[in-house]
$ cat run12.cif   # mmCIF, C-alpha atoms and all ligand atoms
data_run
#
loop_
_atom_site.label_atom_id
_atom_site.label_comp_id
_atom_site.auth_asym_id
_atom_site.auth_seq_id
_atom_site.Cartn_x
_atom_site.Cartn_y
_atom_site.Cartn_z
CA MET W 27 13.39 -1.68 33.98
CA GLU W 28 15.03 -3.05 30.87
CA TYR W 29 15.40 -0.81 27.79
CA ARG W 30 15.76 -1.91 24.18
CA LYS W 31 16.21 -0.34 20.77
CA LEU W 32 13.11 -0.67 18.59
CA GLY W 33 14.48 -2.76 15.71
CA LYS W 34 17.08 -0.92 13.66
CA SER W 35 15.86 2.49 14.81
CA ASN W 36 17.87 4.50 17.32
CA ILE W 37 14.82 4.80 19.54
CA GLU W 38 15.39 3.23 22.94
CA VAL W 39 12.27 2.30 24.88
CA SER W 40 11.39 0.65 28.17
CA ARG W 41 10.15 -2.89 27.70
CA LEU W 42 6.93 -1.85 29.40
CA CYS W 43 5.02 0.68 27.30
CA PHE W 44 2.23 2.78 28.82
CA GLY W 45 -1.00 2.18 26.86
CA SER W 46 -2.91 5.43 27.35
CA LEU W 47 -6.38 4.57 26.00
CA THR W 48 -7.24 3.61 29.59
CA MET W 49 -7.00 7.27 30.72
CA THR W 50 -9.49 8.61 28.17
CA LYS W 51 -13.14 9.52 28.54
CA SER W 52 -14.26 6.15 27.16
CA GLN W 53 -12.47 4.42 30.03
CA LYS W 54 -11.16 5.87 33.34
CA ASN W 55 -11.77 9.48 32.26
CA LEU W 56 -8.86 10.99 34.21
CA SER W 57 -8.52 14.76 34.38
CA LYS W 58 -5.52 16.18 32.57
CA GLU W 59 -3.83 16.89 35.90
CA GLU W 60 -4.37 13.29 37.06
CA SER W 61 -3.09 12.04 33.71
CA GLY W 62 0.10 14.12 33.90
CA LYS W 63 0.81 12.92 37.42
CA LEU W 64 0.18 9.28 36.49
CA LEU W 65 2.51 9.47 33.47
CA ASP W 66 5.11 11.19 35.63
CA PHE W 67 4.79 8.37 38.20
CA ALA W 68 5.25 5.82 35.39
CA PHE W 69 8.34 7.66 34.11
CA GLU W 70 9.86 7.91 37.59
CA ASN W 71 9.44 4.13 37.80
CA GLY W 72 11.25 3.52 34.53
CA ILE W 73 8.58 3.71 31.80
CA ASN W 74 9.68 6.13 29.05
CA PHE W 75 7.37 4.84 26.29
CA ILE W 76 3.75 6.03 25.83
CA ASP W 77 1.32 4.69 23.24
CA THR W 78 -1.59 6.78 21.99
CA ALA W 79 -3.53 7.38 18.74
CA ASP W 80 -5.32 10.17 16.95
CA LEU W 81 -8.52 8.23 17.72
CA TYR W 82 -7.97 8.34 21.49
CA ASP W 83 -8.20 12.15 21.48
CA ASN W 84 -5.95 12.41 24.57
CA TYR W 85 -2.93 14.49 23.56
CA HIS W 86 -4.11 17.08 26.12
CA GLN W 87 -3.76 14.42 28.85
CA ILE W 88 -0.32 13.29 27.71
CA ARG W 89 1.01 16.84 27.33
CA GLU W 90 0.67 17.32 31.09
CA VAL W 91 3.64 15.03 31.73
CA PHE W 92 5.88 17.74 30.27
CA ASN W 93 5.15 19.76 33.44
CA TYR W 94 7.40 17.22 35.17
CA GLN W 95 9.66 15.62 32.56
CA LYS W 96 11.68 16.76 29.55
CA ARG W 97 10.13 16.14 26.14
CA GLU W 98 13.25 14.44 24.83
CA ASP W 99 13.20 11.86 27.63
CA LEU W 100 9.86 10.44 26.49
CA ILE W 101 8.99 8.36 23.44
CA ILE W 102 5.40 8.96 22.31
CA THR W 103 3.80 6.89 19.55
CA SER W 104 0.63 7.91 17.75
CA LYS W 105 -1.45 6.28 15.02
CA THR W 106 -3.60 7.53 12.18
CA TYR W 107 -6.24 6.06 9.85
CA ALA W 108 -5.20 8.52 7.12
CA TYR W 109 -5.00 7.25 3.55
CA THR W 110 -4.10 10.52 1.81
CA LYS W 111 -1.05 12.72 2.19
CA GLU W 112 -3.23 15.57 3.45
CA GLY W 113 -4.71 13.24 6.09
CA ALA W 114 -1.25 12.14 7.19
CA ARG W 115 -0.09 15.75 7.49
CA GLU W 116 -3.20 16.77 9.42
CA ALA W 117 -2.69 13.88 11.85
CA LEU W 118 0.94 14.84 12.42
CA ASN W 119 0.02 18.51 12.85
CA ARG W 120 -2.51 17.60 15.55
CA TYR W 121 0.20 15.66 17.40
CA LEU W 122 2.69 18.54 17.13
CA LYS W 123 0.20 21.24 18.05
CA GLU W 124 -1.61 19.47 20.87
CA LEU W 125 1.51 17.99 22.44
CA LYS W 126 3.33 21.30 21.90
CA THR W 127 6.36 19.64 20.39
CA ASP W 128 8.28 19.96 17.12
CA TYR W 129 8.68 16.26 16.33
CA ALA W 130 6.86 12.95 16.72
CA ASP W 131 8.76 9.91 17.90
CA ILE W 132 6.75 7.23 16.11
CA PHE W 133 3.78 7.48 13.74
CA LEU W 134 1.88 4.35 12.74
CA LEU W 135 -0.88 3.62 10.26
CA HIS W 136 -3.64 2.38 12.55
CA GLU W 137 -5.19 -1.12 12.32
CA GLN W 138 -3.78 -2.27 9.01
CA GLU W 139 -5.23 -5.57 7.83
CA SER W 140 -3.36 -6.80 4.78
CA GLU W 141 -1.25 -5.91 1.76
CA MET W 142 -4.45 -4.54 0.21
CA THR W 143 -5.14 -2.04 3.02
CA LEU W 144 -1.48 -1.04 3.03
CA LYS W 145 -1.64 -0.32 -0.68
CA GLY W 146 -4.87 1.63 -0.07
CA HIS W 147 -3.07 3.75 2.56
CA TYR W 148 0.21 3.99 0.65
CA GLU W 149 -0.12 7.69 -0.12
CA ALA W 150 -0.34 8.41 3.63
CA LEU W 151 2.52 6.01 4.41
CA GLU W 152 4.73 7.65 1.80
CA GLU W 153 3.91 11.09 3.21
CA LEU W 154 4.77 9.98 6.76
CA TRP W 155 8.09 8.75 5.37
CA LYS W 156 8.77 12.09 3.68
CA LEU W 157 7.94 13.87 6.94
CA LYS W 158 10.41 11.56 8.63
CA GLU W 159 13.08 12.52 6.11
CA LYS W 160 12.37 16.18 6.89
CA GLY W 161 12.90 15.49 10.61
CA TYR W 162 9.32 15.77 11.85
CA ILE W 163 8.97 12.07 12.67
CA ARG W 164 11.67 9.72 13.99
CA SER W 165 10.14 6.44 12.85
CA VAL W 166 7.16 5.11 10.87
CA GLY W 167 5.17 1.86 10.96
CA ILE W 168 1.81 0.15 11.42
CA SER W 169 -0.41 -1.31 14.12
CA THR W 170 -2.43 -4.42 13.37
CA HIS W 171 -4.53 -7.28 14.70
CA LYS W 172 -3.83 -9.35 11.58
CA ILE W 173 -1.11 -11.81 10.57
CA ALA W 174 -1.55 -10.76 6.93
CA ALA W 175 -0.53 -7.18 7.72
CA VAL W 176 2.60 -8.25 9.64
CA ARG W 177 3.51 -10.40 6.62
CA ALA W 178 2.86 -7.55 4.15
CA ALA W 179 4.85 -5.03 6.21
CA ARG W 180 8.15 -6.61 5.15
CA ALA W 181 7.63 -5.48 1.58
CA PHE W 182 7.42 -1.77 2.49
CA LYS W 183 10.70 0.04 3.14
CA GLU W 184 8.75 2.74 4.98
CA ILE W 185 7.61 0.32 7.72
CA GLU W 186 10.23 0.29 10.47
CA ILE W 187 7.99 -0.60 13.39
CA VAL W 188 5.08 -3.02 13.75
CA HIS W 189 2.69 -2.99 16.72
CA PRO W 190 0.88 -6.36 16.52
CA MET W 191 -1.80 -7.95 18.64
CA VAL W 192 -0.30 -11.05 20.22
CA ASN W 193 -0.71 -13.01 23.45
CA VAL W 194 0.01 -16.42 24.90
CA LYS W 195 -3.41 -17.79 23.86
CA GLY W 196 -3.63 -16.08 20.48
CA LEU W 197 -6.83 -14.29 21.59
CA GLY W 198 -8.10 -11.72 19.10
CA ILE W 199 -5.96 -12.92 16.18
CA LEU W 200 -8.66 -13.46 13.61
CA ASP W 201 -6.83 -14.65 10.50
CA GLY W 202 -4.77 -17.59 11.74
CA THR W 203 -3.01 -19.17 14.67
CA LEU W 204 -0.67 -17.79 17.29
CA ASN W 205 2.22 -19.73 15.75
CA GLU W 206 1.56 -18.19 12.35
CA MET W 207 1.56 -14.72 13.93
CA LEU W 208 4.84 -15.44 15.75
CA LYS W 209 6.44 -16.73 12.56
CA GLU W 210 5.57 -13.49 10.72
CA ILE W 211 6.77 -11.36 13.64
CA SER W 212 10.04 -13.29 13.62
CA LEU W 213 10.50 -12.70 9.88
CA ALA W 214 9.75 -8.99 10.34
CA ARG W 215 12.35 -8.81 13.11
CA LYS W 216 14.94 -10.47 10.90
CA LYS W 217 14.40 -7.59 8.51
CA GLY W 218 15.20 -5.15 11.32
CA ILE W 219 11.61 -4.11 12.01
CA GLY W 220 11.02 -3.07 15.63
CA ILE W 221 8.17 -4.89 17.37
CA TYR W 222 6.10 -3.72 20.29
CA ALA W 223 3.25 -5.98 21.23
CA MET W 224 -0.31 -5.12 22.22
CA LYS W 225 -3.03 -7.06 24.07
CA VAL W 226 -0.69 -9.49 25.80
CA LEU W 227 -3.39 -9.85 28.44
CA GLY W 228 -5.98 -10.47 25.74
CA GLY W 229 -7.67 -7.15 26.53
CA GLY W 230 -8.21 -8.29 30.14
CA HIS W 231 -9.38 -11.83 29.43
CA LEU W 232 -6.06 -13.26 30.56
CA ILE W 233 -5.96 -11.33 33.85
CA SER W 234 -6.57 -14.55 35.77
CA GLN W 235 -3.48 -15.95 34.01
CA SER W 236 -1.45 -12.70 34.11
CA GLU W 237 1.62 -14.37 35.50
CA GLU W 238 1.82 -16.82 32.61
CA ALA W 239 0.76 -14.23 30.00
CA ILE W 240 3.26 -11.56 31.07
CA LYS W 241 6.10 -14.05 31.58
CA TRP W 242 5.47 -15.40 28.11
CA ALA W 243 5.64 -11.92 26.57
CA VAL W 244 8.57 -10.55 28.57
CA ASP W 245 10.65 -13.69 28.06
CA ASN W 246 9.93 -13.63 24.34
CA ASP W 247 12.82 -11.93 22.57
CA LEU W 248 10.61 -11.17 19.58
CA PHE W 249 9.12 -8.20 21.44
CA ASP W 250 11.24 -5.10 21.99
CA SER W 251 8.49 -3.65 24.13
CA ILE W 252 5.02 -4.59 25.35
CA ALA W 253 2.15 -2.11 25.69
CA LEU W 254 -0.21 -2.50 28.62
CA GLY W 255 -3.09 -0.17 29.40
CA MET W 256 -2.71 1.41 32.83
CA GLN W 257 -4.94 3.77 34.76
CA SER W 258 -3.63 3.87 38.35
CA LYS W 259 -0.37 3.88 40.30
CA GLU W 260 -1.26 0.44 41.68
CA GLU W 261 -1.61 -0.95 38.17
CA ILE W 262 1.74 0.58 37.13
CA LEU W 263 3.50 -0.96 40.13
CA ALA W 264 1.79 -4.31 39.54
CA ASN W 265 2.91 -4.41 35.92
CA ILE W 266 6.47 -3.33 36.76
CA SER W 267 6.61 -6.11 39.34
CA LEU W 268 5.50 -8.59 36.68
CA PHE W 269 8.09 -7.30 34.21
CA GLU W 270 10.97 -7.21 36.66
CA ASN W 271 10.29 -10.26 38.81
CA ARG W 272 8.21 -12.39 36.40
CA GLN W 273 6.00 -13.30 39.30
CA ILE W 274 3.10 -11.83 41.14
CA ASN W 275 3.16 -11.64 44.89
CA LYS W 276 -0.08 -11.77 46.87
CA GLU W 277 -0.39 -8.00 47.13
CA VAL W 278 0.11 -7.48 43.39
CA LYS W 279 -2.37 -10.24 42.59
CA GLU W 280 -5.00 -8.49 44.68
CA LYS W 281 -4.33 -5.18 42.88
CA LEU W 282 -4.75 -6.90 39.53
CA ARG W 283 -7.96 -8.50 40.71
CA GLN W 284 -9.24 -5.06 41.64
CA THR W 285 -8.35 -3.67 38.21
CA ASN W 286 -9.89 -6.54 36.24
CA ARG W 287 -11.66 -4.87 33.33
CA THR W 288 -15.11 -5.23 31.97
CA ILE W 289 -17.28 -3.57 29.32
CA SER W 290 -20.85 -2.38 29.65
CA VAL W 291 -23.51 -0.74 27.49
CA GLU W 292 -25.86 1.72 29.15
CA GLU W 293 -29.61 1.18 28.90
CA TYR W 294 -30.02 4.43 26.92
CA CYS W 295 -28.36 2.83 23.84
CA ILE W 296 -30.49 3.52 20.76
CA GLY W 297 -29.07 0.66 18.70
CA CYS W 298 -27.66 2.92 15.96
CA GLY W 299 -24.99 0.31 15.17
CA ARG W 300 -21.99 2.68 14.97
CA CYS W 301 -20.17 0.59 17.58
CA LYS W 302 -20.97 -2.64 15.72
CA ASP W 303 -19.53 -1.18 12.49
CA ARG W 304 -16.41 -0.05 14.36
CA CYS W 305 -15.66 -3.39 16.04
CA GLN W 306 -13.25 -5.45 13.96
CA GLY W 307 -13.79 -8.55 16.05
CA ASN W 308 -17.52 -9.20 15.42
CA ALA W 309 -18.04 -8.71 19.13
CA ILE W 310 -21.23 -6.61 19.03
CA ASP W 311 -24.77 -7.68 18.10
CA ILE W 312 -27.75 -5.38 17.93
CA VAL W 313 -30.49 -7.23 19.79
CA ASP W 314 -33.95 -5.70 20.28
CA GLY W 315 -32.58 -2.27 19.36
CA LYS W 316 -29.63 -2.33 21.77
CA ALA W 317 -25.93 -3.12 21.46
CA VAL W 318 -24.99 -6.38 23.14
CA ILE W 319 -21.35 -7.37 23.62
CA ASN W 320 -20.57 -11.02 22.90
CA LYS W 321 -17.72 -13.35 23.90
CA ASN W 322 -15.45 -12.24 21.03
CA CYS W 323 -14.79 -8.92 22.81
CA ILE W 324 -11.14 -8.27 23.65
CA LEU W 325 -11.87 -5.01 25.53
CA CYS W 326 -9.89 -2.87 23.10
CA GLY W 327 -12.30 0.01 23.76
CA TYR W 328 -12.48 1.24 20.16
CA CYS W 329 -16.28 0.87 19.97
CA ALA W 330 -16.63 3.17 22.99
CA SER W 331 -14.92 6.00 21.17
CA VAL W 332 -17.50 6.07 18.35
CA CYS W 333 -20.67 6.07 20.46
CA PRO W 334 -21.92 9.65 20.19
CA ASP W 335 -23.25 9.58 23.75
CA PHE W 336 -20.55 7.46 25.43
CA TYR W 337 -23.00 4.67 26.22
CA ILE W 338 -20.23 2.06 26.06
CA LYS W 339 -17.74 2.04 28.90
CA VAL W 340 -14.66 -0.11 29.42
CA HIS W 341 -14.14 -0.01 33.20
S1 LIG W 401 -22.92 3.50 19.14
FE1 LIG W 401 -23.81 3.86 21.18
S2 LIG W 401 -26.00 4.25 20.80
FE2 LIG W 401 -25.16 3.31 18.92
S3 LIG W 401 -25.59 1.10 19.19
FE3 LIG W 401 -23.51 1.49 19.98
S4 LIG W 401 -23.82 1.87 22.19
FE4 LIG W 401 -25.80 2.06 21.22
S1 LIG W 402 -16.85 -4.82 21.34
FE1 LIG W 402 -15.66 -2.91 21.50
S2 LIG W 402 -14.14 -3.36 23.07
FE2 LIG W 402 -14.95 -5.34 22.35
S3 LIG W 402 -13.57 -5.97 20.68
FE3 LIG W 402 -15.25 -4.84 19.72
S4 LIG W 402 -14.48 -2.72 19.59
FE4 LIG W 402 -13.18 -3.79 21.06
#
$ encode --input "run12.cif" --output "structure tokens"
Amino acid sequence: MEYRKLGKSNIEVSRLCFGSLTMTKSQKNLSKEESGKLLDFAFENGINFIDTADLYDNYHQIREVFNYQKREDLIITSKTYAYTKEGAREALNRYLKELKTDYADIFLLHEQESEMTLKGHYEALEELWKLKEKGYIRSVGISTHKIAAVRAARAFKEIEIVHPMVNVKGLGILDGTLNEMLKEISLARKKGIGIYAMKVLGGGHLISQSEEAIKWAVDNDLFDSIALGMQSKEEILANISLFENRQINKEVKEKLRQTNRTISVEEYCIGCGRCKDRCQGNAIDIVDGKAVINKNCILCGYCASVCPDFYIKVH
């Protein structure tokens, strides 16, 4: 496994980052013991970088890996929607308390959209920066699905890391083209901002073209690391094989076929619309009192986390 520094930070991460939303109750729903063992397996195979978020509510799953590995050997990112300093502090405190650690590696403002949303969240960003200066956080940044937010990030000294949505087909980028996104990522990099990509398989839609999609991402020097959701040992090995060999042998292809993801809404849905409000991609319609997923869906799973009764599942 190749390791790289995230931009100008001194944080060294594996190029393959473990996206942990897949382990949570809205997706595979692994027990904490299963989660710890899976993360340990990933680490033993070279993956030292784990991506989570306050929203995923899975610190208890991630903490289990410390039964096997030393805290300081792992890099764990989290994200918060906070816009006040109190909100930022509360989010950090949850990370510290639930992961039983005294520092966070990386804290991001979650799903930033533009200069305007960054200004709206500036109080929280500034607080995260102050917490960094006090030694509680190693690095600060944003995650985003939007080109405008990658562009705006360059103007904020506090933003050292950007976690953008990007893939070979530009799926899910709603405010412009893939080339425009790559141009902004390149400009951010020139400023020393670390980049770790998300959704390089288009949330599962590019599984049939995984070889091309992963090769494109791994061979692209713009990305220090690439986050992929994983929920089984087979999936970890399949992804490592793609990263290290840039090709998929027959066995790996079959594993990927078996792990091809899909989303479903249970018949008990009451059409409350919470999921529709949560989806940034206009991928949910309420039809005849039920949520219906349309072709815009990129399988990010965020809608599933707001359904009070877990009627949406990303399998
Ligand atoms: S949040 Fe749950 S109950 Fe409400 S519309 Fe969505 S799936 Fe249905
Ligand atoms: S429908 Fe759900 S899984 Fe699909 S893009 Fe919207 S939030 Fe993500």
$ residues_near_ligand --input "run12.cif" --ligand "ligand LIG 401 (chain W)" --cutoff "8 Å" --atoms "all atoms listed in the file" --output "number ranges by chain"
W: 291-292, 294-302, 312, 315-317, 329-330, 332-338
$ closest_atom_pairs --input "run12.cif" --of "region 181-290 of chain W" --to "region 156-176 of chain W" --cutoff "10 Å" --atoms "all atoms listed in the file" --output "JSON lines"
{"residue": "W:Ala181", "atom": "CA", "partner": "W:Val176", "partner_atom": "CA", "distance": 9.9}
{"residue": "W:Phe182", "atom": "CA", "partner": "W:Gly167", "partner_atom": "CA", "distance": 9.5}
{"residue": "W:Lys183", "atom": "CA", "partner": "W:Gly167", "partner_atom": "CA", "distance": 9.7}
{"residue": "W:Glu184", "atom": "CA", "partner": "W:Val166", "partner_atom": "CA", "distance": 6.5}
{"residue": "W:Ile185", "atom": "CA", "partner": "W:Gly167", "partner_atom": "CA", "distance": 4.3}
{"residue": "W:Glu186", "atom": "CA", "partner": "W:Gly167", "partner_atom": "CA", "distance": 5.3}
{"residue": "W:Ile187", "atom": "CA", "partner": "W:Gly167", "partner_atom": "CA", "distance": 4.5}
{"residue": "W:Val188", "atom": "CA", "partner": "W:Ile168", "partner_atom": "CA", "distance": 5.1}
{"residue": "W:His189", "atom": "CA", "partner": "W:Ser169", "partner_atom": "CA", "distance": 4.4}
{"residue": "W:Pro190", "atom": "CA", "partner": "W:Thr170", "partner_atom": "CA", "distance": 5.0}
{"residue": "W:Met191", "atom": "CA", "partner": "W:His171", "partner_atom": "CA", "distance": 4.8}
{"residue": "W:Val192", "atom": "CA", "partner": "W:His171", "partner_atom": "CA", "distance": 7.9}
{"residue": "W:Gly198", "atom": "CA", "partner": "W:His171", "partner_atom": "CA", "distance": 7.2}
{"residue": "W:Ile199", "atom": "CA", "partner": "W:His171", "partner_atom": "CA", "distance": 6.0}
{"residue": "W:Leu200", "atom": "CA", "partner": "W:Lys172", "partner_atom": "CA", "distance": 6.7}
{"residue": "W:Asp201", "atom": "CA", "partner": "W:Lys172", "partner_atom": "CA", "distance": 6.2}
{"residue": "W:Gly202", "atom": "CA", "partner": "W:Ile173", "partner_atom": "CA", "distance": 6.9}
{"residue": "W:Thr203", "atom": "CA", "partner": "W:Ile173", "partner_atom": "CA", "distance": 8.6}
{"residue": "W:Leu204", "atom": "CA", "partner": "W:Ile173", "partner_atom": "CA", "distance": 9.0}
{"residue": "W:Glu206", "atom": "CA", "partner": "W:Ile173", "partner_atom": "CA", "distance": 7.1}
{"residue": "W:Met207", "atom": "CA", "partner": "W:Ile173", "partner_atom": "CA", "distance": 5.2}
{"residue": "W:Leu208", "atom": "CA", "partner": "W:Ile173", "partner_atom": "CA", "distance": 8.7}
{"residue": "W:Lys209", "atom": "CA", "partner": "W:Ile173", "partner_atom": "CA", "distance": 9.2}
{"residue": "W:Glu210", "atom": "CA", "partner": "W:Val176", "partner_atom": "CA", "distance": 6.1}
{"residue": "W:Ile211", "atom": "CA", "partner": "W:Val176", "partner_atom": "CA", "distance": 6.6}
{"residue": "W:Ser212", "atom": "CA", "partner": "W:Val176", "partner_atom": "CA", "distance": 9.8}
{"residue": "W:Leu213", "atom": "CA", "partner": "W:Val176", "partner_atom": "CA", "distance": 9.1}
{"residue": "W:Ala214", "atom": "CA", "partner": "W:Val176", "partner_atom": "CA", "distance": 7.2}
{"residue": "W:Ile219", "atom": "CA", "partner": "W:Gly167", "partner_atom": "CA", "distance": 8.8}
{"residue": "W:Gly220", "atom": "CA", "partner": "W:Gly167", "partner_atom": "CA", "distance": 9.0}
{"residue": "W:Ile221", "atom": "CA", "partner": "W:Gly167", "partner_atom": "CA", "distance": 9.8}
{"residue": "W:Tyr222", "atom": "CA", "partner": "W:Ser169", "partner_atom": "CA", "distance": 9.3}
{"residue": "W:Ala223", "atom": "CA", "partner": "W:Ser169", "partner_atom": "CA", "distance": 9.3}
{"residue": "W:Met224", "atom": "CA", "partner": "W:His171", "partner_atom": "CA", "distance": 8.9}
{"residue": "W:Lys225", "atom": "CA", "partner": "W:His171", "partner_atom": "CA", "distance": 9.5}
$ residues_around --input "run12.cif" --residues "Asn55 (chain W)" --least-positions-apart "2" --cutoff "12 Å" --atoms "all atoms listed in the file" --output "list in words"
Ser46, Leu47, Thr48, Met49, Thr50, Lys51, Ser52, Gln53, Ser57, Lys58, Glu59, Glu60, Ser61, Tyr82, Asp83, Asn84, Gln87, Gln257, Ser258, Phe336, Lys339, Val340 and His341 of chain W
$ closest_residue --input "run12.cif" --among "W:Tyr109, W:Arg30, W:Asp311, W:Asn246" --to "Lys145 (chain W)" --atoms "all atoms listed in the file"
W:Tyr109
$ atom_distance --input "run12.cif" --atom1 "CA of Ile310 (chain W)" --atom2 "CA of Glu261 (chain W)"
28.0 Å
$ closest_residue --input "run12.cif" --among "W:Val91, W:Ile240, W:Asp250, W:Leu197" --to "ligand LIG 402 (chain W)" --atoms "all atoms listed in the file"
W:Leu197
$ atom_distance --input "run12.cif" --atom1 "CA of Leu32 (chain W)" --atom2 "CA of Ser104 (chain W)"
15.2 Å
$ residues_near_ligand --input "run12.cif" --ligand "ligand LIG 402 (chain W)" --cutoff "6 Å" --atoms "all atoms listed in the file" --output "PyMOL selection string"
chain W and resi 305+307+309-310+319+323-329
$ closest_residue --input "run12.cif" --among "W:Tyr29, W:Tyr94, W:Phe69, W:Tyr85" --to "Leu125 (chain W)" --atoms "all atoms listed in the file"
W:Tyr85
$ residues_around --input "run12.cif" --residues "His147 (chain W)" --least-positions-apart "6" --cutoff "12 Å" --atoms "only C-alpha atoms" --output "list in words"
Thr106, Tyr107, Ala108, Tyr109, Thr110, Lys111, Glu112, Gly113, Ala114, Leu134, Leu135, His136, Glu137, Gln138, Glu139, Ser140, Glu141, Glu153, Leu154, Gly167, Ile168 and Phe182 of chain W
$ atom_distance --input "run12.cif" --atom1 "CA of Asp77 (chain W)" --atom2 "CA of Lys96 (chain W)"
17.1 Å
$ residues_near_point --input "run12.cif" --point "(3.8, -9.4, 27.5)" --cutoff "6 Å" --atoms "only C-alpha atoms" --output "mmCIF file with C-alpha atoms, in the coordinates of the input"
data_model
loop_
_atom_site.group_PDB
_atom_site.id
_atom_site.type_symbol
_atom_site.label_atom_id
_atom_site.label_comp_id
_atom_site.auth_asym_id
_atom_site.auth_seq_id
_atom_site.Cartn_x
_atom_site.Cartn_y
_atom_site.Cartn_z
ATOM 1 C CA VAL W 226 -0.690 -9.490 25.800
ATOM 2 C CA ILE W 240 3.260 -11.560 31.070
ATOM 3 C CA ALA W 243 5.640 -11.920 26.570
ATOM 4 C CA VAL W 244 8.570 -10.550 28.570
ATOM 5 C CA ILE W 252 5.020 -4.590 25.350
#
$ closest_residue --input "run12.cif" --among "W:Met256, W:Ala178, W:Leu151, W:Val313" --to "Ala68 (chain W)" --atoms "only C-alpha atoms"
W:Met256
$ closest_residue --input "run12.cif" --among "W:Val39, W:Ser290, W:Thr127, W:Lys241" --to "Asn271 (chain W)" --atoms "only C-alpha atoms"
W:Lys241
